[in-house]
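Data file: run.txt. Format and content: compact mmCIF, C-alpha atoms.
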```txt
# COMPACT_ATOMS: atom_id res chain seq x y z
CA MET A 249 -35.80 -3.18 -52.31
CA LYS A 250 -39.21 -2.84 -53.91
CA ARG A 251 -41.42 -5.57 -52.56
CA THR A 252 -45.06 -4.48 -52.54
CA LEU A 253 -46.02 -3.10 -55.91
CA PRO A 254 -44.81 -6.02 -58.06
CA LEU A 255 -46.98 -8.39 -56.01
CA PHE A 256 -50.07 -6.24 -56.48
CA ALA A 257 -49.34 -6.04 -60.18
CA LEU A 258 -49.12 -9.82 -60.44
CA LEU A 259 -52.28 -10.36 -58.43
CA ALA A 260 -54.13 -8.04 -60.77
CA VAL A 261 -53.31 -10.04 -63.89
CA LEU A 262 -53.14 -13.64 -62.68
CA PRO A 263 -56.13 -15.91 -62.02
CA ALA A 264 -56.70 -16.33 -58.31
CA SER A 265 -55.89 -20.03 -58.48
CA VAL A 266 -52.42 -19.54 -59.93
CA ALA A 267 -49.71 -20.12 -57.36
CA LEU A 268 -47.03 -17.48 -57.41
CA ALA A 269 -43.53 -18.87 -57.50
CA GLY A 270 -41.67 -17.95 -54.33
CA ASP A 271 -44.78 -16.99 -52.37
CA ASP A 272 -44.72 -17.91 -48.72
CA CYS A 273 -48.48 -17.75 -48.14
CA ARG A 274 -50.18 -18.62 -51.45
CA VAL A 275 -53.65 -17.37 -50.69
CA PRO A 276 -56.07 -16.31 -53.44
CA GLN A 277 -56.82 -12.62 -53.26
CA ALA A 278 -60.53 -13.25 -52.65
CA ASP A 279 -59.69 -15.02 -49.38
CA TRP A 280 -57.64 -12.21 -47.90
CA GLN A 281 -58.81 -10.72 -44.64
CA PRO A 282 -58.84 -6.91 -44.43
CA ARG A 283 -56.17 -4.90 -42.69
CA GLN A 284 -58.56 -4.12 -39.85
CA ALA A 285 -58.52 -7.82 -38.99
CA VAL A 286 -54.72 -7.75 -38.94
CA LEU A 287 -54.81 -4.80 -36.57
CA LYS A 288 -57.18 -6.72 -34.31
CA VAL A 289 -54.81 -9.71 -34.16
CA ALA A 290 -51.92 -7.37 -33.41
CA GLU A 291 -53.90 -5.77 -30.62
CA GLU A 292 -54.76 -9.17 -29.14
CA ASN A 293 -51.06 -10.02 -29.17
CA GLY A 294 -50.16 -6.79 -27.41
CA TRP A 295 -48.28 -5.35 -30.36
CA THR A 296 -47.98 -1.64 -31.07
CA VAL A 297 -48.16 -1.58 -34.85
CA ARG A 298 -45.83 0.68 -36.80
CA GLU A 299 -46.55 -0.57 -40.30
CA ILE A 300 -48.53 -3.23 -42.13
CA ASP A 301 -47.11 -4.29 -45.45
CA ILE A 302 -47.39 -7.18 -47.88
CA ASP A 303 -44.37 -9.33 -48.61
CA ASP A 304 -44.22 -12.59 -50.58
CA GLY A 305 -47.97 -13.05 -50.36
CA CYS A 306 -48.15 -12.57 -46.59
CA TYR A 307 -49.14 -9.70 -44.38
CA GLU A 308 -46.02 -8.34 -42.73
CA VAL A 309 -46.48 -6.42 -39.50
CA GLU A 310 -43.74 -4.23 -38.07
CA ALA A 311 -44.49 -3.64 -34.44
CA ARG A 312 -43.23 -3.42 -30.88
CA THR A 313 -44.14 -6.09 -28.35
CA ARG A 314 -45.30 -5.52 -24.80
CA GLU A 315 -41.73 -6.27 -23.75
CA GLY A 316 -40.43 -3.50 -25.99
CA ARG A 317 -38.87 -5.68 -28.67
CA GLU A 318 -39.10 -4.67 -32.30
CA ILE A 319 -40.59 -7.43 -34.44
CA GLU A 320 -41.59 -8.27 -37.97
CA ALA A 321 -44.36 -10.83 -38.02
CA ARG A 322 -45.60 -12.50 -41.20
CA LEU A 323 -49.24 -13.51 -41.12
CA ASP A 324 -51.17 -15.80 -43.41
CA PRO A 325 -53.63 -13.41 -45.07
CA LYS A 326 -56.51 -15.89 -44.82
CA THR A 327 -56.09 -17.39 -41.35
CA LEU A 328 -54.05 -14.53 -39.84
CA GLN A 329 -51.86 -17.14 -38.19
CA VAL A 330 -48.28 -16.05 -37.60
CA VAL A 331 -46.17 -18.00 -40.09
CA GLU A 332 -42.88 -16.34 -39.26
CA MET A 333 -41.64 -14.10 -36.50
CA GLU A 334 -38.43 -12.16 -36.74
CA TYR A 335 -36.93 -9.99 -34.08
CA ASP A 336 -35.12 -6.97 -35.38
CA ASP A 337 -32.04 -7.89 -33.41
CA ASP A 338 -32.07 -11.53 -34.57
CA ASP A 339 -29.25 -11.02 -37.01
CA VAL A 340 -27.28 -9.22 -34.32
CA ARG A 341 -27.70 -12.08 -31.87
CA HIS A 342 -26.98 -14.86 -34.34
CA ARG A 343 -24.01 -13.45 -36.16
CA PRO A 344 -20.81 -11.88 -34.88
CA ARG A 345 -21.30 -8.21 -35.47
CA ASN A 346 -18.96 -5.30 -35.54
CA PRO A 347 -20.69 -2.20 -34.21
CA ALA A 348 -19.37 1.20 -35.03
CA ALA A 349 -17.43 1.35 -31.78
CA ALA A 350 -14.22 -0.52 -31.11
CA THR A 351 -14.72 -4.26 -31.10
CA THR A 352 -12.97 -7.55 -30.66
CA ALA A 353 -14.84 -9.22 -33.54
CA ARG A 354 -12.49 -10.79 -36.06
CA PRO A 355 -13.03 -10.33 -39.78
CA PRO A 356 -13.33 -13.33 -42.10
CA GLN A 357 -10.06 -14.86 -43.28
CA ASN A 358 -10.45 -13.90 -46.92
CA GLY A 359 -6.90 -12.60 -47.33
CA LEU A 360 -7.99 -8.98 -47.58
CA PHE A 361 -7.57 -8.14 -43.92
CA GLY A 362 -3.80 -8.30 -43.81
CA THR A 363 -3.28 -8.31 -40.07
CA GLY A 364 -6.56 -10.00 -39.21
CA THR A 365 -7.66 -7.09 -37.05
CA ALA A 366 -11.23 -5.86 -37.11
CA PRO A 367 -12.13 -2.72 -39.08
CA ARG A 368 -12.84 0.45 -37.14
CA VAL A 369 -16.06 2.05 -38.28
CA GLN A 370 -17.86 5.28 -37.66
CA VAL A 371 -20.87 6.97 -39.20
CA ASN A 372 -21.01 10.75 -39.25
CA MET B 221 4.31 -11.60 -63.65
CA ARG B 222 2.95 -8.84 -61.43
CA SER B 223 -0.41 -10.57 -61.42
CA LEU B 224 1.26 -13.86 -60.45
CA LEU B 225 3.07 -12.18 -57.57
CA ALA B 226 -0.16 -10.57 -56.40
CA THR B 227 -1.92 -13.93 -56.52
CA LEU B 228 0.91 -15.52 -54.54
CA ALA B 229 0.80 -12.72 -52.00
CA LEU B 230 -2.94 -12.99 -51.61
CA SER B 231 -2.83 -16.77 -51.30
CA THR B 232 -0.14 -16.32 -48.64
CA ALA B 233 -2.45 -13.91 -46.89
CA LEU B 234 -5.22 -16.48 -47.06
CA THR B 235 -3.02 -19.23 -45.66
CA PHE B 236 -0.94 -17.25 -43.19
CA PRO B 237 -2.81 -14.07 -42.40
CA GLY B 238 -0.30 -13.10 -39.74
CA LEU B 239 2.48 -12.95 -42.34
CA ALA B 240 0.67 -10.82 -44.88
CA LEU B 241 1.77 -7.27 -45.53
CA ALA B 242 -0.94 -4.75 -45.09
CA ARG B 243 -1.47 -1.03 -44.91
CA PRO B 244 -4.11 1.00 -43.10
CA VAL B 245 -6.77 2.19 -45.51
CA THR B 246 -9.80 4.37 -44.84
CA LEU B 247 -12.85 3.77 -47.01
CA THR B 248 -15.25 6.70 -46.97
CA THR B 249 -18.73 6.41 -48.43
CA THR B 250 -20.86 9.56 -48.41
CA LEU B 251 -24.55 9.14 -49.15
CA ASN B 252 -26.89 11.46 -50.99
CA THR B 253 -29.95 12.86 -49.25
CA TYR B 254 -32.20 10.55 -51.27
CA GLY B 255 -35.14 10.75 -48.89
CA GLY B 256 -35.56 7.13 -47.85
CA ASP B 257 -34.67 4.64 -45.13
CA GLY B 258 -31.11 3.73 -44.26
CA ALA B 259 -29.11 2.24 -47.10
CA TYR B 260 -27.74 -1.28 -47.09
CA LEU B 261 -24.21 -1.26 -48.50
CA ALA B 262 -21.96 -4.17 -49.42
CA LEU B 263 -18.28 -3.38 -49.95
CA TYR B 264 -16.34 -6.18 -51.60
CA VAL B 265 -13.35 -6.88 -53.82
CA THR B 266 -12.97 -8.69 -57.14
CA ASP B 267 -9.74 -9.73 -58.82
CA ALA B 268 -8.45 -8.92 -62.29
CA SER B 269 -10.69 -11.57 -63.85
CA GLY B 270 -13.76 -10.17 -62.10
CA ALA B 271 -13.97 -13.06 -59.66
CA TYR B 272 -15.16 -12.31 -56.14
CA VAL B 273 -12.33 -12.30 -53.60
CA GLY B 274 -13.97 -11.25 -50.37
CA SER B 275 -16.05 -8.71 -48.50
CA LEU B 276 -14.78 -5.73 -46.55
CA TRP B 277 -17.96 -4.52 -44.90
CA MET B 278 -21.73 -5.05 -44.83
CA ALA B 279 -23.83 -2.10 -43.67
CA GLY B 280 -27.24 -3.46 -42.68
CA GLY B 281 -28.08 -6.25 -40.29
CA LYS B 282 -31.19 -7.95 -41.68
CA SER B 283 -30.14 -10.83 -43.87
CA LYS B 284 -33.45 -11.03 -45.72
CA TYR B 285 -32.53 -7.82 -47.53
CA TYR B 286 -29.13 -9.02 -48.70
CA GLU B 287 -30.54 -10.39 -51.93
CA HIS B 288 -31.16 -6.78 -52.94
CA LEU B 289 -27.42 -6.21 -52.93
CA ARG B 290 -27.62 -8.13 -56.12
CA ASP B 291 -24.06 -8.41 -57.39
CA TRP B 292 -22.71 -9.20 -53.94
CA TYR B 293 -25.48 -11.76 -53.46
CA ARG B 294 -24.83 -13.35 -56.84
CA ALA B 295 -21.13 -13.61 -56.08
CA THR B 296 -21.54 -15.06 -52.60
CA GLY B 297 -24.85 -16.89 -52.80
CA GLY B 298 -25.78 -14.86 -49.73
CA ASP B 299 -23.22 -16.74 -47.64
CA GLN B 300 -23.24 -14.90 -44.33
CA GLY B 301 -19.90 -16.42 -43.40
CA GLN B 302 -18.48 -13.85 -45.80
CA ILE B 303 -19.49 -11.03 -43.49
CA ASP B 304 -18.99 -12.53 -40.05
CA GLY B 305 -17.47 -9.85 -37.86
CA ILE B 306 -17.74 -7.14 -40.51
CA THR B 307 -21.43 -6.26 -40.34
CA GLY B 308 -22.83 -3.03 -38.96
CA ALA B 309 -25.91 -0.87 -39.15
CA SER B 310 -27.40 0.52 -42.33
CA VAL B 311 -26.37 4.08 -43.17
CA GLY B 312 -28.86 6.94 -43.16
CA ALA B 313 -29.38 9.27 -46.10
CA GLY B 314 -26.87 12.10 -46.10
CA ARG B 315 -24.55 10.30 -43.65
CA ARG B 316 -20.92 9.33 -44.13
CA LEU B 317 -19.57 5.85 -43.41
CA GLU B 318 -15.87 5.65 -42.60
CA ILE B 319 -14.18 2.26 -42.37
CA THR B 320 -10.53 1.97 -41.42
CA LEU B 321 -8.90 -1.40 -41.89
CA ASP B 322 -5.58 -3.04 -42.60
CA LEU B 323 -5.90 -3.99 -46.24
CA ALA B 324 -3.54 -6.49 -47.83
CA ASP B 325 -0.83 -4.82 -49.91
CA ALA B 326 -1.33 -7.44 -52.59
CA VAL B 327 -4.59 -5.92 -53.79
CA PHE B 328 -3.03 -2.63 -54.88
CA ASP B 329 -1.91 -2.09 -58.47
CA ALA B 330 -2.69 -5.68 -59.35
CA GLY B 331 -6.06 -5.44 -61.10
CA TYR B 332 -8.27 -5.68 -58.03
CA THR B 333 -11.48 -3.63 -57.90
CA LEU B 334 -13.47 -2.47 -54.89
CA HIS B 335 -17.25 -2.52 -55.44
CA VAL B 336 -20.13 -1.05 -53.48
CA ASP B 337 -23.66 -2.42 -53.93
CA ALA B 338 -26.48 -0.35 -52.44
CA ALA B 339 -30.15 -0.93 -51.68
CA VAL B 340 -32.86 0.99 -49.85
CA GLU B 341 -36.23 -0.37 -48.73
CA ASP B 342 -39.03 0.40 -51.18
CA MET B 343 -36.57 2.06 -53.55
CA ARG B 344 -34.70 0.76 -56.55
CA ASP B 345 -31.73 -1.57 -56.02
CA SER B 346 -28.38 -0.24 -57.09
CA PRO B 347 -25.85 -3.03 -57.61
CA ASN B 348 -22.27 -2.07 -58.39
CA GLU B 349 -23.04 1.54 -57.62
CA VAL B 350 -19.33 2.16 -57.25
CA ALA B 351 -16.52 0.15 -58.86
CA VAL B 352 -13.08 1.60 -58.24
CA PRO B 353 -9.76 0.01 -59.20
CA LEU B 354 -7.45 -0.33 -56.21
CA THR B 355 -4.32 1.55 -57.18
CA THR B 356 -1.90 3.62 -55.16
CA LYS B 357 -2.44 6.51 -57.58
CA GLY B 358 -6.21 6.40 -57.12
CA ALA B 359 -6.01 6.95 -53.38
CA GLY B 360 -7.67 10.11 -52.14
CA MET B 361 -9.63 10.63 -55.34
CA PRO B 362 -13.43 10.71 -54.87
CA VAL B 363 -15.48 8.59 -57.24
CA ALA B 364 -19.13 9.54 -57.81
CA GLY B 365 -21.89 7.02 -57.17
CA ARG B 366 -24.97 6.61 -59.36
CA ARG B 367 -27.99 6.71 -57.07
CA TYR B 368 -27.61 6.64 -53.29
CA ILE B 369 -23.88 7.27 -52.97
CA ALA B 370 -22.71 10.84 -53.49
CA ASN B 371 -19.09 9.72 -53.60
CA PHE B 372 -16.64 7.10 -52.44
CA ARG B 373 -12.92 7.39 -51.77
CA TYR B 374 -10.14 5.41 -50.21
CA ASP B 375 -7.17 6.94 -48.46
CA LEU B 376 -3.86 5.27 -47.68
```

Would you write out, as structure tokens, the structure that this file holds?
Amino acid sequence: MKRTLPLFALLAVLPASVALAGDDCRVPQADWQPRQAVLKVAEENGWTVREIDIDDGCYEVEARTREGREIEARLDPKTLQVVEMEYDDDDVRHRPRNPAAATTARPPQNGLFGTGTAPRVQVN
Amino acid sequence: MRSLLATLALSTALTFPGLALARPVTLTTTLNTYGGDGAYLALYVTDASGAYVGSLWMAGGKSKYYEHLRDWYRATGGDQGQIDGITGASVGAGRRLEITLDLADAVFDAGYTLHVDAAVEDMRDSPNEVAVPLTTKGAGMPVAGRRYIANFRYDL
């Protein structure tokens, strides 16, 4: 899951005007705001920042909101507008999930789960 | 002939899951102390021709990372319907994941293979880290992983 270094490597060798395939933000390196500016935006939003990273050409901020929710916010590196907000429990809320404890979730009908009962899972 | 019977049994399982024969199987994945974040693991099965059959478990809840489970992602196109109801948390370094499920009898001794893809944030992806043929003789025998997985075994 390497995601930061390859981007830096590409930025170092490509002209600033070249759009990177798959980028979400597409901002020339010269137009990037510094990390201090990202921290300021986070502070204004009431976020407690855990990590600032770069992903697909955007700033990515891992933080906790005033309400105590864990978030990952993607910011345009030039405007510092939030272009995507993801709550850490989004995938949990949007998809049936089978926690380690006993559950009533049903597995997919792929023919592998002979009786159709959910797996029992524990992590030691 | 055996392959044909297995295919028939599996297609029966797909059509009438309540009628399929199954046996309880425990899948145990023990991770190395690799010194990174929790590992995403995809456990899935392919048939004798190498074609994807289905998933057994997804450890790791953030879908944006699933593309790093590269072989699983290539086989499924990232279809999250494949892991509805069988998704849990990522597994920390040095921890042991134990999954007990009723696995269709038809997948044993019929050329099916259980695969484990692994990925860890900011570390190298490890697709197909484990590939173990599903045979009754192979039960209880640990298989070493390559990077994040110390060993994997299944017990009947």

ask   = Mind listing as number ranges by chain which residues of chain B are within 8 Å of chain A, counting only C-alpha atoms?
value = B: 230-235, 237-243, 273-276, 281-283, 285, 288, 301-309, 311, 315-325, 327, 339-345

request  = Figure out the distance between atom CA of Ala351 of chain B and atom CA of Arg367 of chain B, please, to one decimal in Å.
outcome  =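 These two atoms are separated by 13.3 Å.
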
message = For a quick check of understanding, using all atoms listed in the file, which of B:Tyr368, B:Tyr374, B:Phe328, B:Tyr293 has the smallest distance to Tyr272 of chain B?
response =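 The shortest atom-to-atom distance to Tyr272 of chain B comes from B:Tyr293.
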
ask   = What gap, in Å, lies between atom CA of Asp337 of chain B and atom CA of Glu320 of chain A?
value =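 Computing it gives 24.7 Å between the two atoms.
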
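The spacing separating atom CA of Arg366 of chain B from atom CA of Val350 of chain B amounts to 7.5 Å.
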
inquiry  = Give me the residues near Val297 of chain A as a PyMOL selection string, where near means some atom within 8 Å (using all atoms listed in the file) and where sequence neighbours in that chain fewer than 4 positions away do not count.
reply    = chain A and resi 287+290+309-312

remark   = In terms of only C-alpha atoms, the residue from B:Thr253, B:Thr296, B:Thr333, B:Thr246 at minimal distance from Ser269 of chain B is B:Thr333

key: Best match for closeness to Val352 of chain B among B:Val245, B:Val265, B:Leu376, B:Ala370, counting all atoms listed in the file   =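 Going through B:Val245, B:Val265, B:Leu376, B:Ala370 one by one, the smallest distance to Val352 of chain B is for B:Val265.
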
message = Counting only C-alpha atoms, I want the residues whose atoms come within 12 Å of (-40.6, -0.6, -26.5) in the file frame, returned as a VMD selection string.
response = chain A and resid 294 to 298 311 to 319

inquiry  = My list of candidates is B:Ala313, B:Ala359, B:Ala262, B:Ile369. Which is closest to Ala295 of chain B when distances are computed with all atoms listed in the file?
reply    =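 Distance minimum relative to Ala295 of chain B lands on B:Ala262.
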
Nearest to Thr327 of chain A by atom-to-atom distance, counting only C-alpha atoms, from A:Glu308, A:Glu299, A:Gln281, A:Arg274 =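 Using only C-alpha atoms, Thr327 of chain A sits closest to A:Gln281.
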
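Residue nearest Asp303 of chain A, chosen from A:Asp279, A:Glu332, A:Glu291, A:Asp272 and counting all atoms listed in the file: A:Asp272.
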
If I only have part of segment 328-360 of chain B, can you fill in N, CA and C atoms and write it as a short mmCIF file (atom, residue, chain, number, x, y, z; two decimals), in the coordinates of the input?
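part.cif was written with the following content:
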```cif
data_model
loop_
_atom_site.label_atom_id
_atom_site.label_comp_id
_atom_site.auth_asym_id
_atom_site.auth_seq_id
_atom_site.Cartn_x
_atom_site.Cartn_y
_atom_site.Cartn_z
N PHE B 328 -3.27 -3.91 -54.21
CA PHE B 328 -3.03 -2.63 -54.88
C PHE B 328 -2.20 -2.81 -56.15
N ASP B 329 -2.62 -2.10 -57.19
CA ASP B 329 -1.91 -2.09 -58.47
C ASP B 329 -1.77 -3.48 -59.06
N ALA B 330 -2.75 -4.31 -58.84
CA ALA B 330 -2.69 -5.68 -59.35
C ALA B 330 -4.02 -6.10 -59.99
N GLY B 331 -4.82 -5.13 -60.37
CA GLY B 331 -6.06 -5.44 -61.10
C GLY B 331 -7.27 -5.68 -60.22
N TYR B 332 -7.13 -5.48 -58.93
CA TYR B 332 -8.27 -5.68 -58.03
C TYR B 332 -9.19 -4.46 -58.05
N THR B 333 -10.48 -4.71 -57.87
CA THR B 333 -11.48 -3.63 -57.90
C THR B 333 -12.33 -3.71 -56.64
N LEU B 334 -12.57 -2.54 -56.05
CA LEU B 334 -13.47 -2.47 -54.89
C LEU B 334 -14.85 -2.05 -55.39
N HIS B 335 -15.87 -2.79 -55.01
CA HIS B 335 -17.25 -2.52 -55.44
C HIS B 335 -18.11 -2.15 -54.23
N VAL B 336 -19.10 -1.32 -54.50
CA VAL B 336 -20.13 -1.05 -53.48
C VAL B 336 -21.49 -1.27 -54.11
N ASP B 337 -22.25 -2.23 -53.57
CA ASP B 337 -23.66 -2.42 -53.93
C ASP B 337 -24.50 -1.67 -52.91
N ALA B 338 -25.61 -1.09 -53.35
CA ALA B 338 -26.48 -0.35 -52.44
C ALA B 338 -27.93 -0.74 -52.66
N ALA B 339 -28.71 -0.67 -51.58
CA ALA B 339 -30.15 -0.93 -51.68
C ALA B 339 -30.86 -0.20 -50.55
N VAL B 340 -32.05 0.27 -50.83
CA VAL B 340 -32.86 0.99 -49.85
C VAL B 340 -34.28 0.43 -49.92
N GLU B 341 -34.89 0.21 -48.76
CA GLU B 341 -36.23 -0.37 -48.73
C GLU B 341 -37.21 0.48 -49.54
N ASP B 342 -38.01 -0.22 -50.34
CA ASP B 342 -39.03 0.40 -51.18
C ASP B 342 -38.46 1.36 -52.22
N MET B 343 -37.18 1.27 -52.47
CA MET B 343 -36.57 2.06 -53.55
C MET B 343 -35.78 1.10 -54.44
N ARG B 344 -35.34 1.63 -55.55
CA ARG B 344 -34.70 0.76 -56.55
C ARG B 344 -33.34 0.25 -56.06
N ASP B 345 -33.04 -1.02 -56.35
CA ASP B 345 -31.73 -1.57 -56.02
C ASP B 345 -30.66 -0.93 -56.88
N SER B 346 -29.47 -0.86 -56.35
CA SER B 346 -28.38 -0.24 -57.09
C SER B 346 -27.10 -1.06 -56.96
N PRO B 347 -27.05 -2.20 -57.67
CA PRO B 347 -25.85 -3.03 -57.61
C PRO B 347 -24.67 -2.32 -58.28
N ASN B 348 -23.50 -2.62 -57.80
CA ASN B 348 -22.27 -2.07 -58.39
C ASN B 348 -22.37 -0.56 -58.55
N GLU B 349 -22.89 0.08 -57.56
CA GLU B 349 -23.04 1.54 -57.62
C GLU B 349 -21.69 2.24 -57.75
N VAL B 350 -20.69 1.66 -57.10
CA VAL B 350 -19.33 2.16 -57.25
C VAL B 350 -18.44 0.97 -57.60
N ALA B 351 -17.54 1.16 -58.55
CA ALA B 351 -16.52 0.15 -58.86
C ALA B 351 -15.22 0.93 -59.08
N VAL B 352 -14.29 0.80 -58.17
CA VAL B 352 -13.08 1.60 -58.24
C VAL B 352 -11.86 0.70 -58.20
N PRO B 353 -10.99 0.81 -59.21
CA PRO B 353 -9.76 0.01 -59.20
C PRO B 353 -8.89 0.39 -58.01
N LEU B 354 -8.31 -0.61 -57.36
CA LEU B 354 -7.45 -0.33 -56.21
C LEU B 354 -6.03 -0.08 -56.70
N THR B 355 -5.66 1.17 -56.75
CA THR B 355 -4.32 1.55 -57.18
C THR B 355 -3.78 2.57 -56.19
N THR B 356 -2.48 2.63 -56.07
CA THR B 356 -1.90 3.62 -55.16
C THR B 356 -2.16 5.03 -55.69
N LYS B 357 -2.20 5.18 -57.00
CA LYS B 357 -2.44 6.51 -57.58
C LYS B 357 -3.89 6.97 -57.35
N GLY B 358 -4.79 6.04 -57.25
CA GLY B 358 -6.21 6.40 -57.12
C GLY B 358 -6.61 6.78 -55.71
N ALA B 359 -5.68 6.63 -54.77
CA ALA B 359 -6.01 6.95 -53.38
C ALA B 359 -6.32 8.43 -53.23
N GLY B 360 -7.32 8.72 -52.43
CA GLY B 360 -7.67 10.11 -52.14
C GLY B 360 -8.51 10.77 -53.21
#
```
